[in-house]
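This is work29.csv (CSV, C-alpha atoms).
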```csv
chain,number,residue,atom,x,y,z
A,4,MET,CA,0.0,0.0,0.0
A,5,HIS,CA,2.7,2.5,-0.9
A,6,GLU,CA,0.4,3.9,-3.5
A,7,TYR,CA,-0.8,6.5,-0.9
A,8,SER,CA,2.7,7.7,-0.2
A,9,LEU,CA,3.3,8.0,-4.0
A,10,ILE,CA,0.1,10.1,-4.3
A,11,GLN,CA,1.4,12.4,-1.5
A,12,SER,CA,4.6,12.9,-3.5
A,13,LEU,CA,2.6,13.4,-6.7
A,14,VAL,CA,0.3,16.0,-5.3
A,15,GLY,CA,3.2,17.8,-3.6
A,16,ARG,CA,5.0,18.0,-6.9
A,17,VAL,CA,2.0,19.3,-8.7
A,18,GLU,CA,1.4,21.9,-6.0
A,19,ALA,CA,5.0,23.1,-6.3
A,20,GLU,CA,4.8,23.3,-10.1
A,21,ALA,CA,1.4,25.2,-9.9
A,22,SER,CA,2.7,27.6,-7.4
A,23,ALA,CA,5.9,28.2,-9.3
A,24,ARG,CA,3.8,29.1,-12.4
A,25,GLY,CA,1.2,31.0,-10.5
A,26,ALA,CA,-1.5,28.6,-11.6
A,27,THR,CA,-5.0,29.1,-10.3
A,28,ALA,CA,-6.3,25.6,-11.0
A,29,VAL,CA,-5.1,22.2,-12.2
A,30,HIS,CA,-7.3,20.6,-14.8
A,31,ARG,CA,-5.8,17.3,-15.6
A,32,LEU,CA,-2.8,15.1,-14.7
A,33,VAL,CA,-1.1,12.5,-16.9
A,34,VAL,CA,1.0,9.8,-15.2
A,35,SER,CA,2.6,6.8,-16.9
A,36,VAL,CA,2.9,3.6,-14.9
A,37,GLY,CA,5.3,0.9,-16.1
A,38,GLU,CA,4.2,-2.7,-15.7
A,39,LEU,CA,7.3,-3.3,-13.6
A,40,ALA,CA,7.1,0.0,-11.7
A,41,GLY,CA,5.8,-1.8,-8.6
A,42,VAL,CA,2.5,0.2,-8.6
A,43,ASP,CA,-1.0,-1.2,-8.9
A,44,PRO,CA,-2.8,1.2,-11.3
A,45,GLU,CA,-6.2,0.7,-9.8
A,46,LEU,CA,-4.9,1.2,-6.3
A,47,PHE,CA,-3.0,4.3,-7.5
A,48,GLN,CA,-6.2,5.7,-9.0
A,49,THR,CA,-8.2,5.0,-5.8
A,50,ALA,CA,-5.5,6.5,-3.7
A,51,TYR,CA,-5.5,9.6,-5.9
A,52,ASP,CA,-9.3,10.0,-5.7
A,53,THR,CA,-9.2,9.7,-1.9
A,54,PHE,CA,-6.2,12.0,-1.4
A,55,ARG,CA,-6.9,14.8,-3.9
A,56,ALA,CA,-9.8,16.2,-1.9
A,57,GLY,CA,-8.8,19.6,-0.5
A,58,THR,CA,-5.7,19.9,-2.6
A,59,ILE,CA,-5.1,21.8,-5.8
A,60,CYS,CA,-5.8,18.5,-7.6
A,61,GLU,CA,-9.3,18.3,-6.3
A,62,ALA,CA,-11.0,18.9,-9.7
A,63,ALA,CA,-8.3,17.4,-11.8
A,64,PRO,CA,-8.9,13.9,-13.2
A,65,LEU,CA,-5.9,11.6,-13.4
A,66,GLU,CA,-5.1,9.9,-16.7
A,67,LEU,CA,-3.0,6.8,-16.2
A,68,ARG,CA,-1.0,5.5,-19.2
A,69,ARG,CA,0.1,2.0,-18.7
A,70,VAL,CA,3.4,1.1,-20.2
A,71,PRO,CA,4.0,-2.6,-20.8
A,72,ALA,CA,7.3,-4.1,-19.8
A,73,ARG,CA,9.4,-4.9,-22.9
A,74,TRP,CA,12.7,-6.7,-22.4
A,75,THR,CA,15.3,-6.5,-25.1
A,76,CYS,CA,18.9,-7.8,-25.4
A,77,SER,CA,21.4,-5.2,-24.2
A,78,GLY,CA,23.5,-6.1,-27.2
A,79,CYS,CA,21.5,-6.7,-30.3
A,80,ALA,CA,18.2,-5.2,-29.0
A,81,ARG,CA,16.1,-8.2,-30.0
A,82,GLU,CA,13.0,-8.5,-28.0
A,83,ILE,CA,12.9,-11.3,-25.4
A,84,PRO,CA,9.4,-12.8,-25.5
A,85,ARG,CA,7.2,-12.4,-22.4
A,86,GLY,CA,7.9,-15.0,-19.7
A,87,GLU,CA,11.2,-16.2,-21.3
A,88,VAL,CA,14.6,-16.3,-19.6
A,89,LEU,CA,16.0,-12.8,-19.6
A,90,HIS,CA,19.1,-13.6,-21.5
A,91,CYS,CA,19.8,-13.2,-25.2
A,92,PRO,CA,20.4,-16.7,-26.7
A,93,THR,CA,22.5,-15.2,-29.5
A,94,CYS,CA,24.7,-12.6,-27.8
A,95,HIS,CA,24.6,-14.3,-24.3
A,96,LEU,CA,24.0,-10.9,-22.8
A,97,PRO,CA,21.5,-9.9,-20.1
A,98,ALA,CA,18.2,-8.3,-21.2
A,99,ARG,CA,17.1,-4.9,-20.1
A,100,VAL,CA,13.7,-3.2,-19.8
A,101,ALA,CA,12.8,-0.7,-22.4
A,102,PRO,CA,12.4,2.9,-21.1
A,103,GLY,CA,9.2,3.5,-19.1
A,104,GLY,CA,8.5,-0.2,-18.4
A,105,ASP,CA,9.8,0.1,-14.8
A,106,GLU,CA,9.1,3.7,-14.0
A,107,ILE,CA,6.3,5.8,-12.7
A,108,LEU,CA,6.4,9.2,-14.2
A,109,LEU,CA,4.5,12.4,-13.9
A,110,GLU,CA,4.2,13.3,-17.6
A,111,THR,CA,1.9,16.3,-17.9
A,112,ILE,CA,0.1,18.8,-15.7
A,113,GLU,CA,-2.7,20.8,-17.4
A,114,MET,CA,-3.0,24.0,-15.4
A,115,GLU,CA,-4.9,27.3,-15.6
A,116,VAL,CA,-2.6,30.2,-15.7
A,117,PRO,CA,-4.0,33.8,-15.5
B,133,MET,CA,-7.3,39.9,-22.5
B,134,CYS,CA,-11.1,40.3,-21.7
B,135,ALA,CA,-12.5,43.0,-23.9
B,136,THR,CA,-15.2,44.0,-21.4
B,137,CYS,CA,-13.2,44.7,-18.2
B,138,GLY,CA,-9.6,43.8,-19.1
B,139,CYS,CA,-9.4,41.1,-16.4
B,140,GLY,CA,-7.4,38.7,-18.5
B,141,ASP,CA,-8.6,35.3,-19.6
B,142,ALA,CA,-7.1,32.3,-17.9
B,143,LYS,CA,-5.1,30.0,-20.2
B,144,LEU,CA,-5.0,26.3,-20.1
B,145,VAL,CA,-1.3,25.4,-20.1
B,146,PRO,CA,-0.1,21.8,-20.5
B,147,VAL,CA,3.2,21.6,-18.6
B,148,GLU,CA,5.4,18.7,-19.6
B,149,VAL,CA,7.1,17.4,-16.5
B,150,HIS,CA,8.3,13.9,-17.4
B,151,GLU,CA,9.7,13.4,-13.9
B,152,LYS,CA,9.8,10.3,-11.7
B,153,ILE,CA,7.3,10.6,-8.9
B,154,LEU,CA,9.9,9.2,-6.7
B,155,ALA,CA,12.4,11.9,-7.7
B,156,GLY,CA,12.4,13.4,-4.2
B,157,ASN,CA,13.2,10.0,-2.6
B,158,ASP,CA,15.9,9.4,-5.2
B,159,ARG,CA,17.6,12.7,-4.2
B,160,ALA,CA,17.5,11.8,-0.5
B,161,ALA,CA,18.9,8.3,-1.4
B,162,GLN,CA,21.8,10.0,-3.3
B,163,HIS,CA,22.5,12.0,-0.2
B,164,ASN,CA,22.6,8.8,1.9
B,165,ARG,CA,24.9,7.3,-0.7
B,166,GLN,CA,27.3,10.1,-0.2
B,167,HIS,CA,27.3,9.5,3.6
B,168,PHE,CA,28.2,5.9,3.0
B,169,ALA,CA,30.9,6.7,0.5
B,170,GLU,CA,32.5,9.2,2.8
B,171,GLN,CA,32.7,6.7,5.6
B,172,GLY,CA,33.9,3.9,3.3
B,173,VAL,CA,31.0,1.7,4.4
B,174,LEU,CA,29.4,-1.0,2.2
B,175,ALA,CA,25.6,-0.3,2.6
B,176,LEU,CA,23.2,-3.1,1.7
B,177,ASN,CA,19.4,-3.1,1.6
B,178,LEU,CA,18.2,-6.4,2.8
B,179,MET,CA,14.6,-7.2,1.7
B,180,GLY,CA,12.3,-10.2,1.8
B,181,SER,CA,9.0,-11.5,3.1
B,182,PRO,CA,8.2,-11.4,6.8
B,183,GLY,CA,9.8,-14.5,8.2
B,184,ALA,CA,12.2,-15.1,5.3
B,185,GLY,CA,15.0,-15.1,7.8
B,186,LYS,CA,16.5,-11.7,7.4
B,187,THR,CA,17.4,-11.1,11.0
B,188,ALA,CA,18.6,-14.7,11.5
B,189,LEU,CA,20.8,-14.2,8.5
B,190,LEU,CA,22.4,-11.1,10.0
B,191,GLU,CA,22.9,-12.9,13.3
B,192,ALA,CA,24.7,-15.7,11.5
B,193,THR,CA,26.7,-13.2,9.4
B,194,ALA,CA,27.9,-11.5,12.6
B,195,ARG,CA,29.2,-14.9,13.8
B,196,THR,CA,30.9,-15.6,10.4
B,197,VAL,CA,32.7,-12.3,10.1
B,198,HIS,CA,33.4,-11.8,13.8
B,199,GLY,CA,36.8,-10.2,14.3
B,200,ARG,CA,37.1,-9.4,10.6
B,201,TRP,CA,34.5,-6.7,9.9
B,202,ARG,CA,32.4,-4.5,12.0
B,203,LEU,CA,28.7,-4.6,11.1
B,204,GLY,CA,25.9,-2.2,11.9
B,205,ALA,CA,22.3,-2.2,11.0
B,206,VAL,CA,19.0,-0.3,11.0
B,207,SER,CA,16.0,-2.4,11.1
B,208,GLY,CA,12.5,-1.4,9.8
B,209,ASP,CA,9.5,-2.8,11.4
B,210,LEU,CA,5.9,-1.8,11.7
B,211,ALA,CA,5.5,-2.1,15.4
B,212,THR,CA,8.4,-3.4,17.5
B,213,ASP,CA,12.1,-3.0,17.9
B,214,ASN,CA,12.5,-6.8,18.4
B,215,ASP,CA,14.8,-7.2,15.4
B,216,ALA,CA,17.1,-4.3,16.4
B,217,ARG,CA,17.4,-5.8,19.9
B,218,ARG,CA,18.2,-9.3,18.5
B,219,LEU,CA,20.9,-7.7,16.3
B,220,GLU,CA,22.3,-5.8,19.3
B,221,ALA,CA,22.5,-9.1,21.2
B,222,ALA,CA,24.3,-10.6,18.3
B,223,GLY,CA,26.9,-7.8,18.5
B,224,ILE,CA,25.6,-5.7,15.7
B,225,PRO,CA,25.1,-2.0,16.8
B,226,SER,CA,21.5,-1.4,15.6
B,227,ARG,CA,18.7,1.1,15.5
B,228,ALA,CA,15.0,0.3,15.0
B,229,ILE,CA,13.0,2.3,12.6
B,230,THR,CA,9.4,1.9,13.6
B,231,THR,CA,7.2,2.7,10.6
B,232,GLY,CA,3.8,2.4,12.1
B,233,GLN,CA,1.6,1.5,9.2
B,234,GLY,CA,4.4,2.1,6.7
B,235,CYS,CA,5.0,-0.9,4.5
B,236,HIS,CA,8.5,0.1,3.4
B,237,LEU,CA,11.5,2.2,4.3
B,238,ASP,CA,12.3,5.3,2.3
B,239,ALA,CA,15.5,7.3,1.9
B,240,GLU,CA,14.4,10.0,4.4
B,241,LEU,CA,13.7,7.5,7.1
B,242,VAL,CA,17.1,6.0,6.7
B,243,HIS,CA,18.8,9.4,6.5
B,244,HIS,CA,17.2,10.3,9.8
B,245,SER,CA,18.5,7.2,11.4
B,246,LEU,CA,22.0,7.8,10.1
B,247,HIS,CA,22.8,11.0,11.9
B,248,ASP,CA,23.5,9.5,15.3
B,249,PHE,CA,24.9,6.3,13.9
B,250,PRO,CA,28.7,5.7,14.2
B,251,LEU,CA,29.0,4.8,10.5
B,252,GLN,CA,32.7,5.7,10.6
B,253,GLU,CA,33.3,2.6,12.9
B,254,LEU,CA,31.7,0.2,10.4
B,255,ASP,CA,32.7,-1.9,7.5
B,256,VAL,CA,29.3,-3.1,6.4
B,257,PHE,CA,26.0,-1.4,7.1
B,258,PHE,CA,22.7,-3.4,6.7
B,259,ILE,CA,19.4,-1.8,6.2
B,260,GLU,CA,17.0,-4.5,7.1
B,261,ASN,CA,13.8,-3.4,5.4
B,262,VAL,CA,10.2,-4.0,6.5
B,263,GLY,CA,9.2,-7.6,5.7
B,264,ASN,CA,7.4,-7.2,2.4
B,265,LEU,CA,8.0,-8.5,-1.1
B,266,VAL,CA,6.2,-5.6,-2.8
B,267,CYS,CA,6.6,-2.0,-1.6
B,268,PRO,CA,10.3,-1.8,-0.5
B,269,ALA,CA,11.4,-2.8,-4.0
B,270,ILE,CA,10.9,0.7,-5.6
B,271,TYR,CA,12.5,2.8,-2.9
B,272,ASP,CA,16.2,3.6,-3.4
B,273,LEU,CA,17.8,4.1,0.1
B,274,GLY,CA,21.3,4.9,-1.1
B,275,GLN,CA,22.5,1.3,-0.8
B,276,ALA,CA,25.3,-0.2,-2.9
B,277,ALA,CA,23.3,-3.3,-3.6
B,278,ASN,CA,20.0,-5.0,-2.9
B,279,VAL,CA,20.0,-8.4,-1.3
B,280,VAL,CA,16.7,-10.3,-1.2
B,281,ALA,CA,16.2,-13.2,1.2
B,282,LEU,CA,13.8,-15.8,-0.2
B,283,SER,CA,13.2,-18.8,2.1
B,284,VAL,CA,12.6,-22.2,0.6
B,285,THR,CA,9.5,-22.6,2.6
B,286,GLU,CA,7.8,-19.7,0.7
B,287,GLY,CA,6.9,-21.7,-2.4
B,288,GLU,CA,8.5,-22.3,-5.8
B,289,ASP,CA,6.7,-19.6,-7.7
B,290,LYS,CA,7.6,-16.5,-5.6
B,291,PRO,CA,10.0,-15.0,-8.2
B,292,LEU,CA,7.3,-15.1,-10.9
B,293,LYS,CA,4.7,-13.7,-8.5
B,294,TYR,CA,6.9,-10.8,-7.3
B,295,PRO,CA,8.9,-9.9,-10.4
B,296,VAL,CA,9.5,-6.3,-9.4
B,297,MET,CA,11.3,-7.3,-6.2
B,298,PHE,CA,13.5,-9.9,-7.8
B,299,LYS,CA,14.3,-7.6,-10.7
B,300,ALA,CA,15.6,-5.1,-8.2
B,301,ALA,CA,17.8,-7.8,-6.5
B,302,ASP,CA,21.6,-7.8,-7.0
B,303,LEU,CA,21.8,-11.0,-5.0
B,304,VAL,CA,19.2,-13.5,-3.8
B,305,LEU,CA,19.9,-15.5,-0.7
B,306,LEU,CA,17.9,-18.7,-0.8
B,307,THR,CA,17.5,-19.1,3.0
B,308,LYS,CA,16.6,-22.0,5.2
B,309,CYS,CA,18.2,-24.5,2.9
B,310,ASP,CA,18.8,-26.9,5.8
B,311,LEU,CA,15.0,-27.6,5.6
B,312,LEU,CA,15.1,-28.8,2.0
B,313,PRO,CA,15.2,-32.6,2.9
B,314,HIS,CA,11.9,-32.1,4.7
B,315,LEU,CA,10.1,-30.2,1.9
B,316,ASP,CA,8.7,-30.9,-1.5
B,317,VAL,CA,10.0,-27.7,-2.9
B,318,ARG,CA,12.2,-28.0,-6.0
B,319,VAL,CA,15.1,-25.5,-6.0
B,320,GLU,CA,15.5,-25.9,-9.8
B,321,VAL,CA,12.0,-24.4,-10.2
B,322,ILE,CA,12.9,-21.4,-8.0
B,323,LEU,CA,16.1,-20.8,-10.0
B,324,ASP,CA,14.3,-21.1,-13.3
B,325,GLY,CA,11.7,-18.5,-12.1
B,326,LEU,CA,14.6,-16.2,-11.1
B,327,ARG,CA,16.1,-16.4,-14.6
B,328,ARG,CA,12.8,-15.1,-16.0
B,329,VAL,CA,12.6,-12.1,-13.8
B,330,MET,CA,16.3,-11.2,-13.2
B,331,PRO,CA,18.6,-10.5,-16.2
B,332,GLN,CA,21.7,-11.5,-14.2
B,333,PRO,CA,20.5,-13.8,-11.4
B,334,GLU,CA,23.0,-14.3,-8.6
B,335,VAL,CA,21.9,-16.8,-6.0
B,336,ILE,CA,23.5,-18.3,-2.9
B,337,ARG,CA,21.9,-21.2,-1.1
B,338,ILE,CA,22.3,-20.5,2.5
B,339,SER,CA,21.3,-21.6,6.0
B,340,ALA,CA,21.7,-19.5,9.1
B,341,ARG,CA,21.3,-22.6,11.2
B,342,SER,CA,23.6,-25.0,9.6
B,343,GLY,CA,26.1,-22.5,8.2
B,344,LEU,CA,25.6,-23.7,4.7
B,345,GLY,CA,26.6,-21.0,2.2
B,346,MET,CA,27.9,-18.6,4.8
B,347,ALA,CA,31.4,-18.7,3.4
B,348,GLU,CA,30.1,-18.0,-0.1
B,349,TRP,CA,28.0,-15.1,1.3
B,350,SER,CA,31.0,-13.6,3.1
B,351,GLY,CA,33.0,-14.0,-0.2
B,352,TRP,CA,30.3,-12.0,-1.9
B,353,LEU,CA,30.5,-9.3,0.8
B,354,GLU,CA,34.2,-9.2,0.5
B,355,LYS,CA,34.0,-8.7,-3.3
B,356,ARG,CA,31.5,-5.9,-2.8
B,357,LYS,CA,33.5,-4.4,0.0
B,358,ALA,CA,36.5,-4.2,-2.2
B,359,LYS,CA,34.6,-1.9,-4.6
B,360,VAL,CA,33.9,0.6,-1.9
B,361,PRO,CA,36.5,3.4,-1.9
B,362,ARG,CA,38.4,3.9,1.3
B,363,ARG,CA,37.0,6.2,3.9
B,364,THR,CA,37.4,9.9,3.0
B,365,ALA,CA,35.8,11.4,6.0
B,366,ASN,CA,38.8,13.5,6.7
B,367,SER,CA,38.3,15.3,3.5
B,368,PRO,CA,34.7,14.6,2.5
B,369,THR,CA,33.2,15.7,-0.7
B,370,HIS,CA,29.8,15.7,0.8
B,371,SER,CA,29.0,18.8,2.6
B,372,HIS,CA,26.4,21.3,3.5
B,373,ALA,CA,26.7,25.0,3.9
B,374,ARG,CA,29.9,26.7,4.7
B,375,GLU,CA,33.2,28.2,3.4
B,376,SER,CA,36.1,27.0,5.5
B,377,ASN,CA,37.4,23.5,6.0
B,378,ALA,CA,37.6,23.5,9.7
B,379,PRO,CA,35.4,20.9,11.5
B,380,GLU,CA,32.3,22.4,13.1
B,381,HIS,CA,29.1,21.5,14.7
B,382,HIS,CA,26.0,22.3,12.8
B,383,ALA,CA,22.4,21.5,12.5
B,384,HIS,CA,20.4,19.8,9.8
B,385,GLU,CA,16.8,20.8,9.4
B,386,HIS,CA,14.6,19.1,7.0
B,387,SER,CA,10.9,18.6,6.4
B,388,HIS,CA,9.1,15.4,5.6
B,389,GLY,CA,6.2,14.5,3.4
B,390,ASP,CA,3.9,14.5,6.4
B,391,GLY,CA,4.6,18.1,7.1
B,392,THR,CA,6.9,17.6,10.0
B,393,VAL,CA,10.1,19.6,10.1
B,394,HIS,CA,12.9,18.5,12.3
B,395,SER,CA,16.5,19.2,12.8
B,396,HIS,CA,19.3,17.3,14.3
B,397,ALA,CA,22.9,18.3,15.0
B,398,HIS,CA,26.0,16.5,14.0
B,399,GLU,CA,29.6,16.9,13.5
B,400,HIS,CA,31.5,16.6,10.3
B,401,GLU,CA,34.5,18.1,8.7
B,402,HIS,CA,33.6,19.8,5.5
B,403,ALA,CA,35.3,20.6,2.2
B,404,HIS,CA,33.3,22.6,-0.3
B,405,GLU,CA,34.3,22.1,-3.8
B,406,HIS,CA,31.4,20.4,-5.3
B,407,GLU,CA,27.8,20.7,-6.2
B,408,HIS,CA,25.0,19.2,-4.2
B,409,PRO,CA,22.9,16.5,-5.8
B,410,HIS,CA,19.9,17.8,-4.0
B,411,GLU,CA,18.5,21.2,-3.5
B,412,HIS,CA,19.2,23.1,-0.3
B,413,ALA,CA,17.9,26.4,0.6
B,414,HIS,CA,20.7,27.7,2.7
B,415,HIS,CA,20.2,30.0,5.7
B,416,ALA,CA,22.8,31.2,8.0
B,417,SER,CA,22.1,30.5,11.7
B,418,GLY,CA,24.7,32.2,13.7
B,419,THR,CA,27.7,30.1,14.5
B,420,GLY,CA,26.1,26.9,13.4
B,421,ARG,CA,25.0,27.1,9.8
B,422,GLY,CA,22.1,25.0,8.9
B,423,HIS,CA,20.5,23.8,5.8
B,424,ARG,CA,17.0,22.8,4.8
B,425,HIS,CA,16.2,19.8,2.6
B,426,GLU,CA,13.3,20.7,0.4
B,427,PRO,CA,11.4,17.5,-0.2
```
As structure tokens, what does this structure read like?
Amino acid sequence: MHEYSLIQSLVGRVEAEASARGATAVHRLVVSVGELAGVDPELFQTAYDTFRAGTICEAAPLELRRVPARWTCSGCAREIPRGEVLHCPTCHLPARVAPGGDEILLETIEMEVP
Amino acid sequence: MCATCGCGDAKLVPVEVHEKILAGNDRAAQHNRQHFAEQGVLALNLMGSPGAGKTALLEATARTVHGRWRLGAVSGDLATDNDARRLEAAGIPSRAITTGQGCHLDAELVHHSLHDFPLQELDVFFIENVGNLVCPAIYDLGQAANVVALSVTEGEDKPLKYPVMFKAADLVLLTKCDLLPHLDVRVEVILDGLRRVMPQPEVIRISARSGLGMAEWSGWLEKRKAKVPRRTANSPTHSHARESNAPEHHAHEHSHGDGTVHSHAHEHEHAHEHEHPHEHAHHASGTGRGHRHEP
């Protein structure tokens, strides 16, 4: 249940950005959640809907973009099929996750600026 | 601009941030990493399910490396300081971090516990995380490596069920291996699962009770320890807010996500030729200069 503490960081970050830009309201947030980011998207959404009350995000819907985890060879970049051993059979090199697949990122804040 | 009264229409502005939500934690972790580096301490984040044998493993480690390395630990638990007391009894100077309902340690919690910890006297510092195979995985604490304890009694499919945790692991200690003759669990299946969630799986079969694997584990520690630069505390690169290089007493003040602000005093010697990896708002405070960490 670390989703609540993540929402706290998210709202804090949005508040800081809004105040730095003198925004009067926040209209929408876009967050991308990687499949291997260790975050449950439904739980994250629920935590956001609970926590945003009384904050600058109160009226701002949260759009979650799910990013699937794609593993590729760190040498030849070939894709390792889902569920397979994370090792390239050709190059004998370890696989790595394509960007976004293991991160949770605040992408966009739509705000109202006078 | 509004044509009627000149009040100015508000504009909708999409601000592209593209920043990790955990960026604040990552900055705090980087700060911890600097503390560890200055003291030449190998810091390890030990994670695993409740009951995986994390504390027993540290007790056994203390016996194995006795007289060779000095160990220290902070131990995260929801409600008790039992683990820290067990570690103290095993000869490992320890602090408890009681998290209340918190399911994981974060970098600020660890930072807070570091300030009165005699890191300079240690060779290896363990951060025994809250027993949990989910939440701790995504919080960087400033460690040099993540070690995950997985006991053979937990079931063969744990790696596939908790891929995020095992992906974060630099080493998996397969604990309680002395019990294998009494179980139906197939170690091969566990290892196969690890290969599907860890690109470079490194596994040691271990038993805190029988001593199996303890030599291999201390060999791994030795290898990791060798990569840690020697202690630089007499001329640290990590520093806070001042000009001269003389040692002084100063206070840290920082605020946490829950709105609390606290400060604590400590002594370091400072050199000041570098940039901070985190943002400080500096404010002079008489003879003791302080700084504030902006979360």
Open item on the list: I need the contact residues of chain B against chain A, so if you could list those with any atom within 7 Å, counting only C-alpha atoms, and return them as an MDAnalysis selection string, that would help.
Closed with: chainID B and resid 140:153 235 266:267 270 296 327:332
- [ ] Would you list the residues near (28.7, -15.0, -0.8) (no more than 10 Å away, in the coordinates of the file, using only C-alpha atoms) as a ChimeraX atom specification?
- [x] /B:303,305,334-338,345-356
TODO: One decimal, Å: what's the distance from atom CA of B:Ala155 over to atom CA of B:Asp209, could you say?
DONE: 24.3 Å
TODO: Go ahead and find all residues with at least one atom no further than 10 Å from (21.1, -14.1, -32.1) in the file's coordinates, using only C-alpha atoms; report them as a ChimeraX atom specification.
DONE: /A:76,78-81,91-95
Task: Å distance separating atom CA of B:Leu282 from atom CA of B:Leu306, one decimal place - done: 5.1 Å
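The two atoms in question, atom CA of B:Lys293 and atom CA of B:Leu265, are spaced 9.6 Å apart.
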